[in-house]
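What follows is one structure encoded as structure tokens, with my remarks underneath.
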Amino acid sequence: MSERRIGTCCIVLHSHLPWLAHHGAWPVGEEWLHQAWSASYLPVVEMLARLGAEDRRDLLTLGVTPVVAAQLDDPYCLREFHTWLGFWQTRAAGLATRREPHLRALAAYEHNNASHALDVFEAKWRHGASPQLRSLADAGVVELLGGPATHPFLPLLDERVAHAQLGIGLEDAARRFGRRPGGIWAPECGYRPGLEGLYADAGARHFVVDGPTLVAGRPHRAHAHDNMATGDAWTVGDSDVVVFGRDLDVTYRVWSPRRGYPGGRHYRDFHTFDHDSGIRPARVTSTRTPPEEKAPYDPAAGRAAVRRDAVDFVTVVRQRLIELADARGRPGVVVVAYDTELFGHWWHEGPAFLETVLDLLPEAGVGLSSLRTAVERETVAGRIDLPEGSWGAGKDWQVWASEQVADLTELVASVQERLLQIVDKIEPAEPRRRHDLDQLMREGFLTMSSDWAFMVTHDSAAPYARQRAHEHARRFHALADRIEAGRNADRLTAELRAVDGIFGHLDARAMR
């Protein structure tokens with residue numbers, strides 16, 4: 001292990017899926033949750049727990065959105081996932097009976113993966129994810145980030161609605177993990193000037209934006225090279241809230257819109273299915289090879305590729321930190337941020353890659369830390385005024401505010417307006433919760449999820465996304481009609497809560 005620390009690498013994992021429980025199964029719906037849970041959440045948490053048992057601490061920052069945390073603790077979701085794991089094991093065993101040699105060869109590997117996941121779930125996850133995540137945070141293995149309740153694109157929300165979304169989300173994290181997070185993952189790295197005040201009011205002390213947002217806001221005297229600005233932490237505006245920028249040069253080494261390690265020829269191909277079993281039997285082979293011509297997956301070759309790519313990634317991080325240190329005369333910080341679902345779900349070998357990187361970085365003289373520790377240990381470069389931005393295409397707001405998704409933008413605006421009008425009519429001295437108003441807020445918040453516009457813009461299950469957004473809005477307005485007419489809404493409230501009963505602590509009176 002190198003004795004010289006040349007800088008710090010902060011790995012940030014962002015775990016997020018929309019609210020999927022009771023909203024379809026295949027191909028989009030609960031199946032999406034089950035695949036991400038089995039392939040990413042289980043192995044990544046298991047890996048972190050294993051490293052924690054070796055007295056490894058402060059390894060990375062793990063964001064778990066309130067929507068995901070709620071589903072990973074939900075009794076219905078836990079039962080359905082347990083059943084799904086059993087079916088996965090059965091489907092894997094069925095490969096051994098197939099005529100195709102490459103499927104029979106894959107059978108034992110797939111069955112072992114399914115059996116291990118089932119064993120881990122039954123031993124440690126039957127009571128939900130919160131005990132596992134809380135244990136990692138309490139031991140100091142990871143820092144947990146919070147966020148707004150239903151992952152809305154905050155720059156487009158009314159200030160009061162954004163405040164309620166963030167407050168409910170952070171309260172949910174406090175209830176599940178025993179502490180209120182000091183940092184947040186701003187959905188889609190979305191930012192508009194002034195949001196740091198909202199974060200400060202909610203008790204959040206640090207967040208992440210995409211690299212171009214930070215570079216665009218840097219002081220002109222900051223660095224000779226624009227992209228060097230991402231190697232510092234900055235306080236935003238007149239607040240004491242600290243912002244980090246995602247280093248795209250390093251981050252994109254793993255995953256980018258056009259290239260990255262997961263596209264390597266020996267890795268398991270995400271897009272090719274054996275339709276009888278639902279199992280992925282092929283390797284990438286090449287990005288130009290049609291599915292029917294892809295070579296069979298070889299786990300040993302995949303493992304070898306992991307080691308090569310992890311060494312390359314560590315080399316890139318180390319070189320980046322050397323450049324930063326040379327430019328400013330002191331160690332810098334490299335922040336890389338990815339969806340947790342990349343590691344395992346989208347990229348089968350991802351968890352092994354992540355573990356290898358966590359082992360190799362300290363050996364290369366690179367420190368590992370959470371964002372929280374980086375704030376405490378690293379010198380904040382100064383103050384910065386950030387412009388609007390996101391980590392979406394174009395690094396602006398177009399994914400969530402273009403003509404293509406105008407119907408969804410208008411939908412959210414109408415729901416916000418009506419929600420505020422109804423909430424403002426709550427009597428200040430109202431002594432009890434109104435379950436109809438609470439459910440109204442839930443349906444309104446679920447309408448606001450940033451996922452719906454993202455899926456439409458990227459043509460990823462766009463019909464499902466539009467259907468979900470409009471369905472939540474329809475339910476919201478149906479309940480609002482009853483409330484405003486003074487009619488009893490108990491039955492409708494109960495029906496809606498049976499499907500969309502997320503955040504039981506939500507209290508509409510807090511929005512007054």
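Every chain in the structure tokens takes a letter, A first, then B, and so on in the order presented; its residues are numbered from 1, and the ligands are numbered from 1 following the presented order.
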
Neighbouring residues of A:Glu355 were defined as those with any atom within 10 Å, considering only C-alpha atoms; residues of the same chain fewer than 6 positions away were excluded. Please report them as JSON, numbers by chain.
{"A": [44, 47, 48, 51, 310]}

Export of prior selection with C-alpha atoms as a short mmCIF file (atom, residue, chain, number, x, y, z; two decimals), in the first residue's frame:
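Output below, filename result35.cif:
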data_model
loop_
_atom_site.label_atom_id
_atom_site.label_comp_id
_atom_site.auth_asym_id
_atom_site.auth_seq_id
_atom_site.Cartn_x
_atom_site.Cartn_y
_atom_site.Cartn_z
CA VAL A 44 -23.82 -4.32 -2.96
CA MET A 47 -20.21 -6.58 -0.16
CA LEU A 48 -20.17 -3.45 2.01
CA LEU A 51 -15.70 -5.05 4.01
CA ALA A 310 -10.64 -1.94 -12.14
#

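Using only C-alpha atoms, the residues found no farther than 10 Å from A:Ile6, other than those of its own chain fewer than 5 positions away, are Arg318, Gln319, Arg320, Leu321, Ile322, Glu323, Leu324, Ala325, Arg330, Pro331, Gly332, Val333, Ala364, Gly365, Val366 and Gly367 of chain A.
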
Write the residues of the preceding selection, restricted to C-alpha atoms, as a compact mmCIF listing (two decimals), in the first residue's frame.
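Result file is part.txt:
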# COMPACT_ATOMS: atom_id res chain seq x y z
CA ARG A 318 -4.76 8.41 -9.47
CA GLN A 319 -3.66 10.44 -12.49
CA ARG A 320 -6.56 12.81 -12.05
CA LEU A 321 -5.62 13.44 -8.43
CA ILE A 322 -1.98 14.02 -9.37
CA GLU A 323 -3.13 16.64 -11.89
CA LEU A 324 -5.29 18.30 -9.24
CA ALA A 325 -2.48 18.33 -6.67
CA ARG A 330 -2.55 20.42 -2.27
CA PRO A 331 -4.60 17.22 -2.51
CA GLY A 332 -7.96 17.39 -4.24
CA VAL A 333 -11.13 15.36 -4.37
CA ALA A 364 -2.52 3.21 -5.10
CA GLY A 365 -2.28 5.96 -2.48
CA VAL A 366 -5.82 7.21 -3.00
CA GLY A 367 -7.92 7.87 0.07

Hey, which of A:Arg512, A:Ala462, A:Phe353, A:Tyr267 ends up closest to A:Ile426? Count only C-alpha atoms.
A:Arg512

Could you write out, as a PyMOL selection string, all the residues of stretch 191-278 of chain A that DSSP marks as helix (DSSP H, G or I)?
chain A and resi 195-202+211-217+226-231+248-254+261-263

With only C-alpha atoms as the counted atoms, please give the residues lying no more than 12 Å from A:Asp232, apart from itself and same-chain residues fewer than 5 positions off, as a PDB file with N, CA and C atoms, in the first residue's frame.
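Result file follows (around-v5.pdb):
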ATOM      1  N   GLY A   7      -4.648  12.267  -2.656  1.00  0.00           N
ATOM      2  CA  GLY A   7      -5.966  12.871  -2.745  1.00  0.00           C
ATOM      3  C   GLY A   7      -7.030  11.872  -2.341  1.00  0.00           C
ATOM      4  N   THR A   8      -8.262  12.246  -2.545  1.00  0.00           N
ATOM      5  CA  THR A   8      -9.392  11.454  -2.071  1.00  0.00           C
ATOM      6  C   THR A   8     -10.364  11.176  -3.209  1.00  0.00           C
ATOM      7  N   CYS A   9     -10.856   9.965  -3.248  1.00  0.00           N
ATOM      8  CA  CYS A   9     -11.923   9.589  -4.179  1.00  0.00           C
ATOM      9  C   CYS A   9     -13.202   9.356  -3.384  1.00  0.00           C
ATOM     10  N   CYS A  10     -14.229  10.087  -3.718  1.00  0.00           N
ATOM     11  CA  CYS A  10     -15.539   9.915  -3.100  1.00  0.00           C
ATOM     12  C   CYS A  10     -16.447   9.209  -4.101  1.00  0.00           C
ATOM     13  N   VAL A 208     -24.692  17.156  -4.356  1.00  0.00           N
ATOM     14  CA  VAL A 208     -23.871  16.955  -5.549  1.00  0.00           C
ATOM     15  C   VAL A 208     -24.579  17.554  -6.756  1.00  0.00           C
ATOM     16  N   GLY A 211     -20.757  17.838 -13.008  1.00  0.00           N
ATOM     17  CA  GLY A 211     -19.559  18.618 -13.219  1.00  0.00           C
ATOM     18  C   GLY A 211     -19.751  19.904 -14.003  1.00  0.00           C
ATOM     19  N   LEU A 214     -21.043  22.817 -11.949  1.00  0.00           N
ATOM     20  CA  LEU A 214     -20.043  23.402 -11.057  1.00  0.00           C
ATOM     21  C   LEU A 214     -19.024  24.218 -11.844  1.00  0.00           C
ATOM     22  N   VAL A 215     -18.582  23.703 -12.975  1.00  0.00           N
ATOM     23  CA  VAL A 215     -17.602  24.411 -13.796  1.00  0.00           C
ATOM     24  C   VAL A 215     -18.163  25.748 -14.269  1.00  0.00           C
ATOM     25  N   ARG A 218     -17.948  28.407 -11.492  1.00  0.00           N
ATOM     26  CA  ARG A 218     -16.690  28.610 -10.782  1.00  0.00           C
ATOM     27  C   ARG A 218     -16.245  30.076 -10.854  1.00  0.00           C
ATOM     28  N   ALA A 222     -10.380  30.673 -10.449  1.00  0.00           N
ATOM     29  CA  ALA A 222     -10.237  29.439  -9.680  1.00  0.00           C
ATOM     30  C   ALA A 222      -9.110  28.558 -10.181  1.00  0.00           C
ATOM     31  N   HIS A 223      -9.107  28.213 -11.460  1.00  0.00           N
ATOM     32  CA  HIS A 223      -8.118  27.275 -11.961  1.00  0.00           C
ATOM     33  C   HIS A 223      -7.807  27.581 -13.410  1.00  0.00           C
ATOM     34  N   ASP A 226     -10.628  24.501 -16.755  1.00  0.00           N
ATOM     35  CA  ASP A 226     -12.017  24.532 -16.308  1.00  0.00           C
ATOM     36  C   ASP A 226     -12.384  23.321 -15.465  1.00  0.00           C
ATOM     37  N   ASN A 227     -12.034  22.122 -15.951  1.00  0.00           N
ATOM     38  CA  ASN A 227     -12.513  20.932 -15.261  1.00  0.00           C
ATOM     39  C   ASN A 227     -11.840  20.705 -13.918  1.00  0.00           C
ATOM     40  N   VAL A 242     -22.519  22.917   1.316  1.00  0.00           N
ATOM     41  CA  VAL A 242     -21.366  22.590   0.482  1.00  0.00           C
ATOM     42  C   VAL A 242     -21.815  21.772  -0.723  1.00  0.00           C
ATOM     43  N   VAL A 243     -21.257  22.101  -1.876  1.00  0.00           N
ATOM     44  CA  VAL A 243     -21.571  21.373  -3.099  1.00  0.00           C
ATOM     45  C   VAL A 243     -20.325  20.682  -3.633  1.00  0.00           C
ATOM     46  N   PHE A 244     -20.513  19.488  -4.148  1.00  0.00           N
ATOM     47  CA  PHE A 244     -19.478  18.750  -4.861  1.00  0.00           C
ATOM     48  C   PHE A 244     -19.921  18.593  -6.319  1.00  0.00           C
ATOM     49  N   GLY A 245     -18.961  18.534  -7.218  1.00  0.00           N
ATOM     50  CA  GLY A 245     -19.263  18.306  -8.622  1.00  0.00           C
ATOM     51  C   GLY A 245     -18.830  16.930  -9.059  1.00  0.00           C
ATOM     52  N   ARG A 246     -19.709  16.239  -9.773  1.00  0.00           N
ATOM     53  CA  ARG A 246     -19.372  14.924 -10.321  1.00  0.00           C
ATOM     54  C   ARG A 246     -18.337  15.094 -11.433  1.00  0.00           C
ATOM     55  N   ASP A 247     -17.199  14.418 -11.286  1.00  0.00           N
ATOM     56  CA  ASP A 247     -16.119  14.501 -12.264  1.00  0.00           C
ATOM     57  C   ASP A 247     -16.474  13.614 -13.444  1.00  0.00           C
ATOM     58  N   LEU A 321      -5.971  12.821  -9.702  1.00  0.00           N
ATOM     59  CA  LEU A 321      -5.617  13.437  -8.427  1.00  0.00           C
ATOM     60  C   LEU A 321      -4.224  14.050  -8.470  1.00  0.00           C
ATOM     61  N   LEU A 324      -4.676  17.335 -10.146  1.00  0.00           N
ATOM     62  CA  LEU A 324      -5.288  18.296  -9.237  1.00  0.00           C
ATOM     63  C   LEU A 324      -4.275  18.817  -8.228  1.00  0.00           C
ATOM     64  N   ALA A 325      -3.471  17.925  -7.667  1.00  0.00           N
ATOM     65  CA  ALA A 325      -2.475  18.333  -6.675  1.00  0.00           C
ATOM     66  C   ALA A 325      -1.431  19.254  -7.299  1.00  0.00           C
ATOM     67  N   ALA A 327      -1.904  21.229  -9.827  1.00  0.00           N
ATOM     68  CA  ALA A 327      -2.533  22.493 -10.203  1.00  0.00           C
ATOM     69  C   ALA A 327      -2.723  23.426  -9.020  1.00  0.00           C
ATOM     70  N   ARG A 328      -2.933  22.869  -7.820  1.00  0.00           N
ATOM     71  CA  ARG A 328      -3.253  23.729  -6.678  1.00  0.00           C
ATOM     72  C   ARG A 328      -2.284  23.584  -5.509  1.00  0.00           C
ATOM     73  N   ARG A 330      -1.977  21.168  -3.397  1.00  0.00           N
ATOM     74  CA  ARG A 330      -2.547  20.425  -2.274  1.00  0.00           C
ATOM     75  C   ARG A 330      -3.446  19.321  -2.824  1.00  0.00           C
ATOM     76  N   PRO A 331      -3.749  18.319  -2.016  1.00  0.00           N
ATOM     77  CA  PRO A 331      -4.596  17.223  -2.512  1.00  0.00           C
ATOM     78  C   PRO A 331      -6.001  17.703  -2.851  1.00  0.00           C
ATOM     79  N   GLY A 332      -6.594  17.078  -3.834  1.00  0.00           N
ATOM     80  CA  GLY A 332      -7.956  17.393  -4.236  1.00  0.00           C
ATOM     81  C   GLY A 332      -8.887  16.220  -4.016  1.00  0.00           C
ATOM     82  N   VAL A 333     -10.096  16.376  -4.516  1.00  0.00           N
ATOM     83  CA  VAL A 333     -11.134  15.358  -4.368  1.00  0.00           C
ATOM     84  C   VAL A 333     -11.690  15.021  -5.746  1.00  0.00           C
ATOM     85  N   VAL A 334     -11.814  13.750  -6.022  1.00  0.00           N
ATOM     86  CA  VAL A 334     -12.503  13.277  -7.218  1.00  0.00           C
ATOM     87  C   VAL A 334     -13.809  12.642  -6.776  1.00  0.00           C
ATOM     88  N   VAL A 335     -14.926  13.171  -7.251  1.00  0.00           N
ATOM     89  CA  VAL A 335     -16.239  12.623  -6.935  1.00  0.00           C
ATOM     90  C   VAL A 335     -16.768  11.894  -8.168  1.00  0.00           C
ATOM     91  N   LEU A 371     -18.803  11.771   1.418  1.00  0.00           N
ATOM     92  CA  LEU A 371     -18.879  13.216   1.227  1.00  0.00           C
ATOM     93  C   LEU A 371     -18.790  13.946   2.562  1.00  0.00           C
ATOM     94  N   ALA A 374     -15.279  14.188   3.594  1.00  0.00           N
ATOM     95  CA  ALA A 374     -14.555  15.110   2.716  1.00  0.00           C
ATOM     96  C   ALA A 374     -14.814  16.557   3.116  1.00  0.00           C
ATOM     97  N   VAL A 375     -16.046  16.865   3.524  1.00  0.00           N
ATOM     98  CA  VAL A 375     -16.346  18.221   3.993  1.00  0.00           C
ATOM     99  C   VAL A 375     -15.534  18.526   5.246  1.00  0.00           C
ATOM    100  N   ARG A 377     -12.676  17.128   6.277  1.00  0.00           N
ATOM    101  CA  ARG A 377     -11.221  17.039   6.170  1.00  0.00           C
ATOM    102  C   ARG A 377     -10.616  17.936   5.095  1.00  0.00           C
ATOM    103  N   GLU A 378     -11.327  18.131   4.018  1.00  0.00           N
ATOM    104  CA  GLU A 378     -10.745  18.864   2.901  1.00  0.00           C
ATOM    105  C   GLU A 378     -11.051  20.362   3.040  1.00  0.00           C
ATOM    106  N   THR A 379     -10.154  21.181   2.532  1.00  0.00           N
ATOM    107  CA  THR A 379     -10.352  22.621   2.549  1.00  0.00           C
ATOM    108  C   THR A 379     -11.374  23.012   1.495  1.00  0.00           C
ATOM    109  N   VAL A 380     -12.407  23.699   1.918  1.00  0.00           N
ATOM    110  CA  VAL A 380     -13.393  24.214   0.965  1.00  0.00           C
ATOM    111  C   VAL A 380     -12.754  25.367   0.215  1.00  0.00           C
ATOM    112  N   ALA A 381     -12.843  25.321  -1.117  1.00  0.00           N
ATOM    113  CA  ALA A 381     -12.102  26.274  -1.948  1.00  0.00           C
ATOM    114  C   ALA A 381     -12.605  27.701  -1.805  1.00  0.00           C
ATOM    115  N   GLY A 382     -13.884  27.860  -1.535  1.00  0.00           N
ATOM    116  CA  GLY A 382     -14.460  29.199  -1.447  1.00  0.00           C
ATOM    117  C   GLY A 382     -15.944  29.153  -1.723  1.00  0.00           C
ATOM    118  N   ARG A 383     -16.490  30.294  -2.075  1.00  0.00           N
ATOM    119  CA  ARG A 383     -17.924  30.375  -2.359  1.00  0.00           C
ATOM    120  C   ARG A 383     -18.158  30.367  -3.863  1.00  0.00           C
ATOM    121  N   ILE A 384     -19.312  29.849  -4.231  1.00  0.00           N
ATOM    122  CA  ILE A 384     -19.623  29.722  -5.642  1.00  0.00           C
ATOM    123  C   ILE A 384     -21.106  30.008  -5.859  1.00  0.00           C
TER     124      ILE A 384
END

Find the nearest atom pair between each residue of stretch 241-291 of chain A and stretch 74-98 of chain A for residues within 8 Å, count only C-alpha atoms, give distances in Å to one decimal, sort rows by chain and ascending number, and present the table as a Markdown table.
| residue | atom | partner | partner_atom | distance |
| --- | --- | --- | --- | --- |
| A:Ser277 | CA | A:Arg91 | CA | 5.6 |
| A:Gly278 | CA | A:Arg91 | CA | 7.8 |
| A:Ile279 | CA | A:Ala92 | CA | 7.7 |

Those residues with C-alpha atoms, as a PDB file, in the first residue's frame please?
ATOM      1  CA  SER A 277     -36.421 -18.665 -18.868  1.00  0.00           C
ATOM      2  CA  GLY A 278     -36.000 -14.870 -18.786  1.00  0.00           C
ATOM      3  CA  ILE A 279     -32.282 -15.363 -18.127  1.00  0.00           C
TER       4      ILE A 279
END

Given only C-alpha atoms as the basis, pick out the residue of A:Leu17, A:Ala401, A:Leu42, A:Val284 nearest to A:Ala69.
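Distance minimum relative to A:Ala69 lands on A:Leu17.
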
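Nearest to A:His266 of all the residues A:Val316, A:Ala282, A:Val254, A:Leu368 is A:Ala282, based on only C-alpha atoms.
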
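Taking atom CA of A:Ser15 and atom CA of A:Val64 as endpoints, the distance between them is 4.8 Å.
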
Residue nearest A:Val314 - candidates A:Ser135, A:Ser402, A:Ser256, A:Thr356, atoms counted: only C-alpha atoms
A:Thr356

Distance in Å - atom CA of A:Thr213 versus atom CA of A:Leu386
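Taking atom CA of A:Thr213 as the start and atom CA of A:Leu386 as the end point, the length is 6.6 Å.
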
Quick one: of A:Asp55, A:Asp481, A:Glu293, A:Asp451, who's nearest to A:Ile422, counting only C-alpha atoms?
A:Asp481

Run DSSP on the backbone and grab whatever in stretch 281-461 of chain A lands in strand (DSSP E); send it over as a PDB file with N, CA and C atoms, in the first residue's frame.
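The resulting states_34.pdb:
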ATOM      1  N   GLY A 332      -6.594  17.078  -3.834  1.00  0.00           N
ATOM      2  CA  GLY A 332      -7.956  17.393  -4.236  1.00  0.00           C
ATOM      3  C   GLY A 332      -8.887  16.220  -4.016  1.00  0.00           C
ATOM      4  N   VAL A 333     -10.096  16.376  -4.516  1.00  0.00           N
ATOM      5  CA  VAL A 333     -11.134  15.358  -4.368  1.00  0.00           C
ATOM      6  C   VAL A 333     -11.690  15.021  -5.746  1.00  0.00           C
ATOM      7  N   VAL A 334     -11.814  13.750  -6.022  1.00  0.00           N
ATOM      8  CA  VAL A 334     -12.503  13.277  -7.218  1.00  0.00           C
ATOM      9  C   VAL A 334     -13.809  12.642  -6.776  1.00  0.00           C
ATOM     10  N   VAL A 335     -14.926  13.171  -7.251  1.00  0.00           N
ATOM     11  CA  VAL A 335     -16.239  12.623  -6.935  1.00  0.00           C
ATOM     12  C   VAL A 335     -16.768  11.894  -8.168  1.00  0.00           C
ATOM     13  N   VAL A 336     -17.035  10.613  -8.003  1.00  0.00           N
ATOM     14  CA  VAL A 336     -17.665   9.839  -9.072  1.00  0.00           C
ATOM     15  C   VAL A 336     -19.018   9.360  -8.549  1.00  0.00           C
ATOM     16  N   ALA A 337     -20.031   9.496  -9.362  1.00  0.00           N
ATOM     17  CA  ALA A 337     -21.393   9.162  -8.913  1.00  0.00           C
ATOM     18  C   ALA A 337     -22.094   8.339  -9.978  1.00  0.00           C
ATOM     19  N   TYR A 338     -22.765   7.284  -9.522  1.00  0.00           N
ATOM     20  CA  TYR A 338     -23.460   6.369 -10.422  1.00  0.00           C
ATOM     21  C   TYR A 338     -24.775   5.922  -9.794  1.00  0.00           C
ATOM     22  N   ASP A 339     -25.698   5.508 -10.635  1.00  0.00           N
ATOM     23  CA  ASP A 339     -26.858   4.786 -10.134  1.00  0.00           C
ATOM     24  C   ASP A 339     -26.392   3.459  -9.546  1.00  0.00           C
ATOM     25  N   VAL A 366      -4.613   6.395  -2.899  1.00  0.00           N
ATOM     26  CA  VAL A 366      -5.820   7.212  -2.998  1.00  0.00           C
ATOM     27  C   VAL A 366      -6.692   6.963  -1.779  1.00  0.00           C
ATOM     28  N   GLY A 367      -7.040   8.005  -1.073  1.00  0.00           N
ATOM     29  CA  GLY A 367      -7.917   7.865   0.074  1.00  0.00           C
ATOM     30  C   GLY A 367      -9.362   7.684  -0.360  1.00  0.00           C
ATOM     31  N   LEU A 368     -10.108   6.934   0.428  1.00  0.00           N
ATOM     32  CA  LEU A 368     -11.547   6.779   0.226  1.00  0.00           C
ATOM     33  C   LEU A 368     -12.270   7.523   1.335  1.00  0.00           C
ATOM     34  N   GLY A 382     -13.884  27.860  -1.535  1.00  0.00           N
ATOM     35  CA  GLY A 382     -14.460  29.199  -1.447  1.00  0.00           C
ATOM     36  C   GLY A 382     -15.944  29.153  -1.723  1.00  0.00           C
ATOM     37  N   ARG A 383     -16.490  30.294  -2.075  1.00  0.00           N
ATOM     38  CA  ARG A 383     -17.924  30.375  -2.359  1.00  0.00           C
ATOM     39  C   ARG A 383     -18.158  30.367  -3.863  1.00  0.00           C
ATOM     40  N   ILE A 384     -19.312  29.849  -4.231  1.00  0.00           N
ATOM     41  CA  ILE A 384     -19.623  29.722  -5.642  1.00  0.00           C
ATOM     42  C   ILE A 384     -21.106  30.008  -5.859  1.00  0.00           C
TER      43      ILE A 384
END

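Closest approach to A:Ala117 from the set A:Pro262, A:Gly486, A:Pro43, A:Gly504 is made by A:Pro43, with distances taken over only C-alpha atoms.
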
I'd like the neighbourhood of A:Arg442 as a ChimeraX atom specification, where a residue qualifies if any of its atoms comes within 10 Å (using only C-alpha atoms), though same-chain residues fewer than 3 positions away should be ignored.
/A:149-150,436-439,445-448,472,476,496-497,500-504,506-508

Restrict the calculation to only C-alpha atoms, then for each residue of stretch 32-76 of chain A with any atom at most 12 Å from an atom of stretch 177-193 of chain A give the closest atom pair and their distance in Å to one decimal, rows by chain and rising residue number, as a Markdown table.
| residue | atom | partner | partner_atom | distance |
| --- | --- | --- | --- | --- |
| A:Thr61 | CA | A:Gly183 | CA | 9.5 |
| A:Leu62 | CA | A:Trp185 | CA | 9.4 |
| A:Gly63 | CA | A:Trp185 | CA | 6.4 |
| A:Val64 | CA | A:Trp185 | CA | 8.6 |
| A:Thr65 | CA | A:Trp185 | CA | 8.0 |
| A:Pro66 | CA | A:Trp185 | CA | 10.9 |
| A:Val67 | CA | A:Pro187 | CA | 12.0 |
| A:Ala69 | CA | A:Phe177 | CA | 9.9 |
| A:Ala70 | CA | A:Phe177 | CA | 11.8 |
| A:Asp73 | CA | A:Phe177 | CA | 11.6 |

I need the residues from that last selection saved to file as a PDB file, in the first residue's frame (with C-alpha atoms), if you can.
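The resulting file, out-v5.pdb, is shown below:
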ATOM      1  CA  THR A  61     -21.656   7.534   0.154  1.00  0.00           C
ATOM      2  CA  LEU A  62     -24.860   5.619  -0.428  1.00  0.00           C
ATOM      3  CA  GLY A  63     -27.999   7.439  -1.427  1.00  0.00           C
ATOM      4  CA  VAL A  64     -31.237   5.521  -0.967  1.00  0.00           C
ATOM      5  CA  THR A  65     -34.257   7.532  -2.027  1.00  0.00           C
ATOM      6  CA  PRO A  66     -37.296   7.478   0.263  1.00  0.00           C
ATOM      7  CA  VAL A  67     -39.314   5.726  -2.459  1.00  0.00           C
ATOM      8  CA  ALA A  69     -36.369   2.613   1.060  1.00  0.00           C
ATOM      9  CA  ALA A  70     -40.137   2.393   1.488  1.00  0.00           C
ATOM     10  CA  ASP A  73     -39.263  -2.274   3.844  1.00  0.00           C
TER      11      ASP A  73
END

Which neighbours of A:Leu136 fall inside 9 Å, counting only C-alpha atoms, when residues of the same chain fewer than 5 positions from it are skipped, and could you give them as a PyMOL selection string?
chain A and resi 45+48-49+52+131+141-144

Write a file of the selected residues as a compact mmCIF listing (two decimals), in the first residue's frame, keeping C-alpha atoms.
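Dumped to result_35.txt:
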# COMPACT_ATOMS: atom_id res chain seq x y z
CA VAL A 45 -25.03 -4.26 0.64
CA LEU A 48 -20.17 -3.45 2.01
CA ALA A 49 -21.05 -5.51 5.09
CA GLY A 52 -17.12 -3.54 7.18
CA PRO A 131 -31.77 -2.84 9.54
CA VAL A 141 -18.89 1.97 6.71
CA VAL A 142 -21.00 4.33 4.60
CA GLU A 143 -22.71 7.68 4.79
CA LEU A 144 -26.39 7.53 3.89

Show me, as a list in words, the residues that have an atom within 10 Å of A:Leu411 when counting only C-alpha atoms, minus same-chain residues fewer than 5 positions from it.
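Neighbouring residues, sequence-local ones excluded: Val405, Ala406, Gln416, Gly444, Thr447, Met448, Ala469, His470, Ala473 and Arg474 of chain A.
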
Atoms kept (C-alpha atoms) for selection, written as a CSV table (one decimal), in the first residue's frame:
chain,number,residue,atom,x,y,z
A,405,VAL,CA,-43.1,16.3,-21.9
A,406,ALA,CA,-45.2,19.4,-21.8
A,416,GLN,CA,-49.4,21.6,-7.3
A,444,GLY,CA,-50.0,14.5,-5.8
A,447,THR,CA,-47.6,12.5,-9.9
A,448,MET,CA,-44.5,14.7,-9.4
A,469,ALA,CA,-48.4,10.1,-14.1
A,470,HIS,CA,-51.9,10.6,-15.5
A,473,ALA,CA,-53.2,12.8,-11.3
A,474,ARG,CA,-56.6,11.3,-12.0

Expressed in Å to a single decimal, how great is the separation between atom CA of A:Asn113 and atom CA of A:His348?
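Calculated distance between atom CA of A:Asn113 and atom CA of A:His348 is 11.3 Å.
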
Within 9 Å of A:Trp37, counting only C-alpha atoms, which residues qualify if same-chain residues fewer than 3 places away don't, as a PyMOL selection string?
chain A and resi 32-34+40-43+72+81+341+345

Hey, can you spit out that residue selection with N, CA and C atoms as an mmCIF file, in the first residue's frame?
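Heads up, here's the output in again_12.cif:
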data_model
loop_
_atom_site.group_PDB
_atom_site.id
_atom_site.type_symbol
_atom_site.label_atom_id
_atom_site.label_comp_id
_atom_site.auth_asym_id
_atom_site.auth_seq_id
_atom_site.Cartn_x
_atom_site.Cartn_y
_atom_site.Cartn_z
ATOM 1 N N TRP A 32 -39.177 -4.813 -12.389
ATOM 2 C CA TRP A 32 -38.052 -3.879 -12.365
ATOM 3 C C TRP A 32 -37.450 -3.800 -10.956
ATOM 4 N N LEU A 33 -38.309 -3.670 -9.960
ATOM 5 C CA LEU A 33 -37.851 -3.637 -8.572
ATOM 6 C C LEU A 33 -37.142 -4.926 -8.199
ATOM 7 N N HIS A 34 -37.744 -6.063 -8.565
ATOM 8 C CA HIS A 34 -37.169 -7.356 -8.180
ATOM 9 C C HIS A 34 -35.801 -7.577 -8.815
ATOM 10 N N SER A 40 -28.561 -5.868 -7.623
ATOM 11 C CA SER A 40 -27.777 -4.718 -7.155
ATOM 12 C C SER A 40 -27.846 -4.522 -5.651
ATOM 13 N N TYR A 41 -29.049 -4.338 -5.112
ATOM 14 C CA TYR A 41 -29.153 -3.977 -3.699
ATOM 15 C C TYR A 41 -28.621 -5.083 -2.788
ATOM 16 N N LEU A 42 -29.014 -6.327 -3.030
ATOM 17 C CA LEU A 42 -28.526 -7.420 -2.188
ATOM 18 C C LEU A 42 -27.003 -7.556 -2.264
ATOM 19 N N PRO A 43 -26.414 -7.704 -3.460
ATOM 20 C CA PRO A 43 -24.958 -7.920 -3.499
ATOM 21 C C PRO A 43 -24.143 -6.708 -3.072
ATOM 22 N N LEU A 72 -38.359 -1.311 -0.091
ATOM 23 C CA LEU A 72 -37.509 -2.375 0.454
ATOM 24 C C LEU A 72 -37.888 -2.746 1.879
ATOM 25 N N PHE A 81 -41.086 -10.230 -3.369
ATOM 26 C CA PHE A 81 -39.688 -10.456 -3.733
ATOM 27 C C PHE A 81 -39.233 -11.851 -3.309
ATOM 28 N N GLU A 341 -28.020 0.891 -9.374
ATOM 29 C CA GLU A 341 -28.535 -0.170 -10.237
ATOM 30 C C GLU A 341 -27.581 -0.529 -11.374
ATOM 31 N N HIS A 345 -27.479 -4.871 -11.761
ATOM 32 C CA HIS A 345 -28.674 -4.954 -12.599
ATOM 33 C C HIS A 345 -28.312 -4.677 -14.059
#
